[in-house]
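Working notes, beginning with the structure itself.
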Amino acid sequence: NAGVTQTPKFRVLKTGQSMTLLCAQDMNHEYMYWYRQDPGMGLRLIHYSVGEGTTAKGEVPDGYNVSRLKKQNFLLGLESAAPSQTSVYFCASRPYGQGVDQYFGAGTRLSVL
Amino acid sequence: GEDVEQSLFLSVREGDSSVINCTYTDSSSTYLYWYKQEPGAGLQLLTYIFSNMDMKQDQRLTVLLNKKDKHLSLRIADTQTGDSAIYFCAESNAGNNRKLIWGLGTSLAVNP
């Protein structure tokens, strides 16, 4: 059981380039989340999804787009990367219901030069 | 809005107890969580407590909740060097699409 898998693990982009981060979960979870983690800022929610075909904005959505075409996958896109998007990105998923935790991927370390 | 606050650093000696504190503002919180993040890794749930409880114990971990003061603490007994990590406090309630509101994390350093 792989849990939550993020690809790629590392990436270096030039300003203005685009890329897509993939999050895949094999636990049939309804909810999926994308966070970014920056020093001194903790975890900040970018976008989330409460089910296949749905997405919603989190705390810091600007500059990112997401899609949830399949229940098991949640994609995070950067259309035109900026140095301010240098960060570590975490994906998480959880099943429906209270008192259940979010399962995290190992993270994607992104540098934008 | 909702907010979760934690002290940023804690240093203890190996074998001592560690106490990490957290305060939150959302009076409708239903669950409060402690997550652990080791260097270069994702977050892992350590334990959680339901808001109608005031204490939960799990091996070396003790969670205390003071709902009146909106204060949560995590006590690690007999702290080991392997406990060195960042510890995040988080809360959720039924009305926010199960989003977690996160503290900034407390970096725990365990000295031999």
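Labeling convention for the structure tokens: chains A, B, ... as they appear, residues from 1 per chain, ligands from 1 in order of appearance.
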| query | Got a sec: who's within 10 Å of range 16-20 of chain A, counting only C-alpha atoms, leaving out chain neighbours fewer than 4 positions off, as a ChimeraX atom specification? | reply | /A:7-8,11-12,64-66,75-83,112-113
Let me see the file: selected residues, all heavy atoms, as a short mmCIF file (atom, residue, chain, number, x, y, z; two decimals), in the first residue's frame.
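Printed below is again-v7.cif as written:
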```
data_model
loop_
_atom_site.label_atom_id
_atom_site.label_comp_id
_atom_site.auth_asym_id
_atom_site.auth_seq_id
_atom_site.Cartn_x
_atom_site.Cartn_y
_atom_site.Cartn_z
N THR A 7 5.06 13.17 -7.10
CA THR A 7 6.12 13.23 -8.10
C THR A 7 6.12 14.61 -8.75
O THR A 7 5.05 15.19 -8.98
CB THR A 7 5.92 12.16 -9.19
OG1 THR A 7 4.59 12.26 -9.70
CG2 THR A 7 6.15 10.77 -8.64
N PRO A 8 7.30 15.16 -9.07
CA PRO A 8 8.62 14.62 -8.73
C PRO A 8 8.98 14.94 -7.29
O PRO A 8 8.24 15.63 -6.60
CB PRO A 8 9.53 15.40 -9.69
CG PRO A 8 8.86 16.73 -9.82
CD PRO A 8 7.39 16.45 -9.80
N ARG A 11 12.69 19.54 -8.12
CA ARG A 11 12.63 20.16 -9.45
C ARG A 11 13.20 21.56 -9.36
O ARG A 11 12.98 22.27 -8.37
CB ARG A 11 11.17 20.23 -9.93
CG ARG A 11 11.00 20.72 -11.36
CD ARG A 11 11.43 19.70 -12.38
NE ARG A 11 11.37 20.23 -13.72
CZ ARG A 11 10.33 20.13 -14.54
NH1 ARG A 11 9.24 19.50 -14.14
NH2 ARG A 11 10.37 20.66 -15.73
N VAL A 12 13.95 21.92 -10.39
CA VAL A 12 14.44 23.29 -10.51
C VAL A 12 13.84 23.89 -11.78
O VAL A 12 13.94 23.29 -12.85
CB VAL A 12 15.98 23.34 -10.58
CG1 VAL A 12 16.46 24.78 -10.73
CG2 VAL A 12 16.59 22.72 -9.32
N TYR A 64 -1.42 29.35 -8.72
CA TYR A 64 -1.54 27.91 -8.80
C TYR A 64 -2.92 27.54 -9.36
O TYR A 64 -3.90 28.22 -9.11
CB TYR A 64 -1.41 27.26 -7.43
CG TYR A 64 -0.14 27.58 -6.69
CD1 TYR A 64 -0.13 28.62 -5.76
CD2 TYR A 64 1.02 26.85 -6.88
CE1 TYR A 64 1.03 28.93 -5.05
CE2 TYR A 64 2.17 27.14 -6.18
CZ TYR A 64 2.18 28.18 -5.27
OH TYR A 64 3.31 28.48 -4.58
N ASN A 65 -2.95 26.42 -10.08
CA ASN A 65 -4.23 25.84 -10.45
C ASN A 65 -4.20 24.36 -10.12
O ASN A 65 -3.13 23.76 -9.99
CB ASN A 65 -4.53 26.08 -11.95
CG ASN A 65 -3.45 25.52 -12.85
OD1 ASN A 65 -3.33 24.32 -13.03
ND2 ASN A 65 -2.62 26.40 -13.39
N VAL A 66 -5.37 23.78 -9.95
CA VAL A 66 -5.46 22.37 -9.57
C VAL A 66 -6.55 21.69 -10.39
O VAL A 66 -7.45 22.35 -10.93
CB VAL A 66 -5.77 22.18 -8.07
CG1 VAL A 66 -4.57 22.50 -7.20
CG2 VAL A 66 -6.98 23.01 -7.66
N LEU A 75 -3.76 17.21 -9.05
CA LEU A 75 -2.65 17.84 -9.74
C LEU A 75 -2.55 19.31 -9.36
O LEU A 75 -3.57 20.02 -9.28
CB LEU A 75 -2.83 17.73 -11.26
CG LEU A 75 -2.43 16.43 -11.93
CD1 LEU A 75 -3.29 15.26 -11.46
CD2 LEU A 75 -2.52 16.55 -13.45
N LEU A 76 -1.33 19.76 -9.14
CA LEU A 76 -1.07 21.17 -8.84
C LEU A 76 -0.24 21.74 -9.97
O LEU A 76 0.86 21.23 -10.25
CB LEU A 76 -0.32 21.31 -7.52
CG LEU A 76 0.06 22.73 -7.11
CD1 LEU A 76 -1.19 23.51 -6.71
CD2 LEU A 76 1.06 22.71 -5.95
N GLY A 77 -0.74 22.78 -10.61
CA GLY A 77 -0.05 23.38 -11.74
C GLY A 77 0.46 24.78 -11.43
O GLY A 77 -0.20 25.56 -10.74
N LEU A 78 1.66 25.03 -11.95
CA LEU A 78 2.21 26.38 -11.93
C LEU A 78 2.33 26.80 -13.38
O LEU A 78 3.10 26.21 -14.15
CB LEU A 78 3.60 26.41 -11.28
CG LEU A 78 3.71 26.25 -9.78
CD1 LEU A 78 3.45 24.81 -9.34
CD2 LEU A 78 5.08 26.70 -9.30
N GLU A 79 1.56 27.78 -13.81
CA GLU A 79 1.55 28.17 -15.22
C GLU A 79 2.77 28.98 -15.59
O GLU A 79 3.34 28.83 -16.67
CB GLU A 79 0.29 28.96 -15.53
CG GLU A 79 -0.97 28.10 -15.54
CD GLU A 79 -2.19 28.86 -16.04
OE1 GLU A 79 -2.07 30.09 -16.24
OE2 GLU A 79 -3.24 28.24 -16.22
N SER A 80 3.20 29.86 -14.69
CA SER A 80 4.36 30.72 -14.94
C SER A 80 5.10 30.89 -13.62
O SER A 80 4.75 31.77 -12.82
CB SER A 80 3.91 32.07 -15.51
OG SER A 80 5.02 32.90 -15.74
N ALA A 81 6.07 30.03 -13.40
CA ALA A 81 6.71 29.97 -12.08
C ALA A 81 7.43 31.26 -11.74
O ALA A 81 8.04 31.92 -12.60
CB ALA A 81 7.68 28.79 -12.02
N ALA A 82 7.38 31.62 -10.46
CA ALA A 82 8.06 32.79 -9.93
C ALA A 82 8.96 32.37 -8.77
O ALA A 82 8.67 31.36 -8.10
CB ALA A 82 7.04 33.81 -9.45
N PRO A 83 10.03 33.12 -8.51
CA PRO A 83 10.91 32.76 -7.39
C PRO A 83 10.17 32.65 -6.06
O PRO A 83 10.57 31.87 -5.19
CB PRO A 83 11.92 33.92 -7.37
CG PRO A 83 11.99 34.36 -8.80
CD PRO A 83 10.58 34.23 -9.32
N VAL A 112 12.74 27.84 -7.86
CA VAL A 112 12.51 28.65 -9.06
C VAL A 112 13.58 29.73 -9.10
O VAL A 112 13.69 30.56 -8.20
CB VAL A 112 11.10 29.28 -9.05
CG1 VAL A 112 10.89 30.06 -10.36
CG2 VAL A 112 10.02 28.23 -8.87
N LEU A 113 14.38 29.67 -10.17
CA LEU A 113 15.53 30.59 -10.27
C LEU A 113 15.19 31.83 -11.09
O LEU A 113 14.31 31.79 -11.95
CB LEU A 113 16.71 29.85 -10.89
CG LEU A 113 17.11 28.54 -10.18
CD1 LEU A 113 18.25 27.88 -10.93
CD2 LEU A 113 17.46 28.80 -8.73
#
```
| Contact set, chain B to chain A: 9 Å, only C-alpha atoms, as a VMD selection string | chain B and resid 8 30 to 33 40 to 45 48 to 50 88 92 to 94 97 to 105
| Quick one: DSSP strand (DSSP E) residues in chain B, as an MDAnalysis selection string? | chainID B and resid 4:6 9:13 18:24 31:37 43:50 55:58 61:66 71:76 85:92 101:102 106:111
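Contact shell of Gly15 in chain B at 8 Å (only C-alpha atoms; same-chain neighbours under 3 positions omitted): B:Ala77, B:Asp78, B:Thr79, B:Gln80.
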| Distance CA of Asp62 in chain A-CA of Tyr35 in chain A, one decimal place? |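 If I compute the distance from CA of Asp62 in chain A to CA of Tyr35 in chain A, I get 12.8 Å.
All residues of protein, DNA or RNA that reach within 7 Å of Thr5 in chain A, judged by only C-alpha atoms and not counting those fewer than 2 positions away in the chain, are Ala2, Gly3, Thr7, Cys23, Ala24, Gln25 and Gly105 of chain A.
Computed from the coordinates, the CA of Lys36 in chain B to CA of Asn73 in chain A distance equals 24.8 Å.
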